[in-house]
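In what follows, a structure is listed as structure tokens, so that the remarks can point back to it.
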Amino acid sequence: MSQTTTTTESDAPASGNQEPRMIRIFDTTLRDGEQSPGASMNLAEKLEVAQLLESMGVDIIEAGFPIASPGDFEAVKAIASTIHQSTVCGLARCSDKDIDAAWEAVKGARNSRIHVFLATSAIHREFKLRMSTDEIVERAVAGVKRAKAYCDDVEFSPEDACRTEHDFLCRVVEAAIDAGATTINVPDTVGYATPSEIFDRFTMLRNRVPNMDKAVLSTHCHDDLGMAVANSMAAVAAGAGQIECTINGIGERAGNAALEEVVMAMKTRKDFFNCTTRIDSTRLVPASRLVSKTTGIQVQRNKAIVGRNAFAHESGIHQDGMLKERSTYEIMSPEEVGFSKTDLVLGKHSGRAALADRAKTLGYTLTAEQLNIVFEQFKVLADKKKEMYDGDIVALVQQQISGSVEEQWSLVDYVVSSGKGRGPQVELTLSNGDEQFSEKVEQGDGPIDAAFWAVEKITGVDVVCKDFRVRSATLGSDAIGEVNLEVDHKGRTYRGVGSSTDTVESTILAMLNAINRIIADRPKS
Ligand SMILES: CC(=O)SCCNC(=O)CCNC(=O)[C@H](O)C(C)(C)COP(=O)(O)OP(=O)(O)OC[C@H]1O[C@@H](n2cnc3c(N)ncnc32)[C@H](O)[C@@H]1OP(=O)(O)O
Ligand SMILES: CC(C)C(=O)C(=O)O
């Protein structure tokens with residue numbers, strides 16, 4: 001016979017002057033989470049997830065619904081024999097064969113729990129179960145008693161509790177506790193309730209069910225209206241001592257309350273909830289990544305706590321604030337949840353402070369003047385690209401540093417066309433001082449070759465190309481192409497660098513960079 005903690009330390013309502021209440025985290029990633037379409041996990045994957053859940057401090061792992069399939073049964077059994085710290089729980093309907101299978105599967109665990117459920121709402125009673133209220137109470141009591149004969153730790157869930165009439169819900173809950181249930185879970189099965197309704201319902205149960213203090217009150221919220229986490233926290237504020245949740249919030253339909261969000265809500269707003277958990281929050285990101293990899297369900301970038309953008313700042317005003325004092329825009333630290341650091345993402349909304357900071361990290365200290373020039377080019381490039389990578393910054397800064405020769409010739413505009421069976425055509429306009437010069441060139445092996453000819457024709461500087469390299473300076477399909485070239489002019493070698501999201505433009509810029517060097521090298525008359 002196994003036991004989990006049965007103290008009721010978590011049942012008292014939150015109060016500013018009391019010790020923080022310990023809230024039990026009941027993870028159902030492997031049961032309700034696996035009910036997400038397409039999220040099925042094999043035995044090895046479930047074991048890996050269970051081990052991670054245990055190592056991060058989850059109190060109860062709902063490992064599966066053993067009657068569902070032989071595979072589910074074997075997985076729960078294997079988890080039960082592997083997990084030693086967390087309680088291992090198996091789900092069962094109020095039916096003998098379900099409860100027997102659940103016990104067979106979880107009995108090998110050091111701490112086992114059987115979770116029996118039966119819907120109580122009028123809709124479920126009438127249309128799904130086709131049972132009267134008396135039959136529901138009878139079946140619930142019989143289910144809890146059968147489970148209790150196997151295991152001290154029995155959880156009972158009146159499914160669809162949040163749409164159940166108050167009087168009837170109180171009646172079922174009281175009967176289930178009398179029959180031996182040690183945890184009463186009050187699910188918002190269809191994600192219909194609002195936070196204030198949840199608060200009132202939990203308060204009502206605490207006030208009206210006479211034996212409520214003999215069981216831990218638990219919350220299990222679905223996210224159909226996007227309120228699962230808010231509802232779970234409202235339940236905690238009303239005295240719930242256990243939260244049922246899943247990693248990344250996966251689960252039936254729109255999913256369940258996300259474990260990482262409820263844990264961090266309690267940690268970050270301890271001042272408000274006065275609650276704590278046993279979860280090692282630095283494992284939240286690794287857990288999120290493992291579950292995402294295992295189920296194939298990607299985490300949205302803006303997902304709270306574990307999404308890629310959760311600690312990423314792109315706006316200049318925010319980045320400036322962050323560089324001055326991180327608490328201006330961060331209420332948690334990325335390290336606290338398992339990210340290595342805050343990400344100041346450079347993009348079209350960034351400002352000089354963040355650009356200078358990144359350049360410095362990349363090894364370049366820019367003068368105020370250089371920074372202004374790079375910043376202008378950065379904004380032009382950022383308008384073309386979705387994201388700026390370090391390579392983009394290096395390319396821009398290098399161009400500024402190596403391009404600090406006086407610019408005689410600069411690019412105004414170009415139009416290029418080429419195609420199968422058609423020679424390349426380049427129309428190029430360059431400026432020199434206040435004047436502009438245009439040429440149309442229809443020669444060369446391709447558009448890049450034609451661009452070379454056009455630059456030579458306008459500037460009147462003949463060069464022989466000795467080396468020409470294009471490399472992707474950045475990642476992504478909108479990456480910068482950097483052209484590095486070496487040209488020979490009258491027996492001397494000159495280098496040119498140009499970068500743009502368009503390779504022809506990079507080539508023209510690199511050519512002009514080399515030609516401006518050649519001109520700068522000429523003896524002044
Ligand atoms: C809110 C929740 O998330 S509950 C958990 C939901 N998860 C799952 O259903 C996943 C696993 N389920 C399964 O593999 C299958 O549904 C099984 C093996 C459990 C049952 O399969 P079947 O025997 O073919 O039944 P089926 O799924 O078609 O219908 C469910 C039956 O259980 C009954 N039932 C539903 N809930 C309960 C309950 N808590 N206690 C007793 N009976 C119940 C239904 O009334 C229905 O009975 P009926 O066939 O007499 O009308
Ligand atoms: C089995 C119960 C707890 C459930 O998953 C629900 O009601 O959503």
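Within each chain, counting starts at residue 1; across the structure tokens, chains are named A, B, ... in the order shown, with ligands numbered 1 upward in that order.
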Within 7 Å of ligand 1 (only C-alpha atoms and all ligand atoms), residues as an MDAnalysis selection string: chainID A and resid 32 35 65 67:69 93:95 117:119 128:129 159 189 252
Please build the interface table for range 280-384 of chain A against range 478-483 of chain A with a cut-off of 12 Å, listing for each qualifying residue the nearest atom pair and the distance in Å to one decimal; count only C-alpha atoms, order rows by chain and increasing number, and write it as JSON lines.
```
{"residue": "A:Phe378", "atom": "CA", "partner": "A:Ile480", "partner_atom": "CA", "distance": 11.9}
{"residue": "A:Leu381", "atom": "CA", "partner": "A:Ile480", "partner_atom": "CA", "distance": 9.1}
{"residue": "A:Ala382", "atom": "CA", "partner": "A:Asp478", "partner_atom": "CA", "distance": 10.6}
{"residue": "A:Asp383", "atom": "CA", "partner": "A:Asp478", "partner_atom": "CA", "distance": 11.5}
{"residue": "A:Lys384", "atom": "CA", "partner": "A:Asp478", "partner_atom": "CA", "distance": 8.3}
```
Identify, on the basis of only C-alpha atoms, every residue whose closest approach to range 79-86 of chain A does not exceed 6 Å; exclude the query and any residue fewer than 6 positions from it along the same chain; express the result as a PDB file with C-alpha atoms, in the first residue's frame.
```
ATOM      1  CA  LEU A  47       9.947   7.402 -19.430  1.00  0.00           C
ATOM      2  CA  GLU A  54      10.575  13.889 -11.267  1.00  0.00           C
ATOM      3  CA  ASP A  59       4.760  16.091  -6.775  1.00  0.00           C
ATOM      4  CA  ILE A  60       2.397  13.842  -8.710  1.00  0.00           C
ATOM      5  CA  VAL A 106       0.740   2.009 -10.493  1.00  0.00           C
ATOM      6  CA  GLY A 108       4.956  -0.788  -8.233  1.00  0.00           C
ATOM      7  CA  ALA A 109       5.622   2.853  -7.428  1.00  0.00           C
ATOM      8  CA  ARG A 110       6.980   3.984  -4.083  1.00  0.00           C
TER       9      ARG A 110
END
```
Among the residues A:Val88, A:Val186, A:Ala175, A:Ala78, the one that comes closest to ligand 2 [using only C-alpha atoms and all ligand atoms]: A:Val186
Residue with smallest distance to ligand 2 - pool A:Gly64, A:Pro158, A:Gly351, A:Gly241, counting only C-alpha atoms and all ligand atoms: A:Pro158
Given only C-alpha atoms and all ligand atoms as the counted atoms, nearest of A:Glu439, A:Glu174, A:Glu155, A:Asp413 to ligand 2: A:Glu155
Best match for closeness to ligand 2 among A:Arg206, A:His222, A:Lys214, A:Lys385, counting only C-alpha atoms and all ligand atoms: A:His222
Long-range neighbours of range 283-287 of chain A as a list in words, 8 Å cut-off, only C-alpha atoms, 5 positions minimum in chain: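 In the requested form, the answer reads Val49, Leu52, Leu53, Met56, Ile247, Glu260, Ile305, Val306, Val337, Gly338 and Phe339 of chain A.
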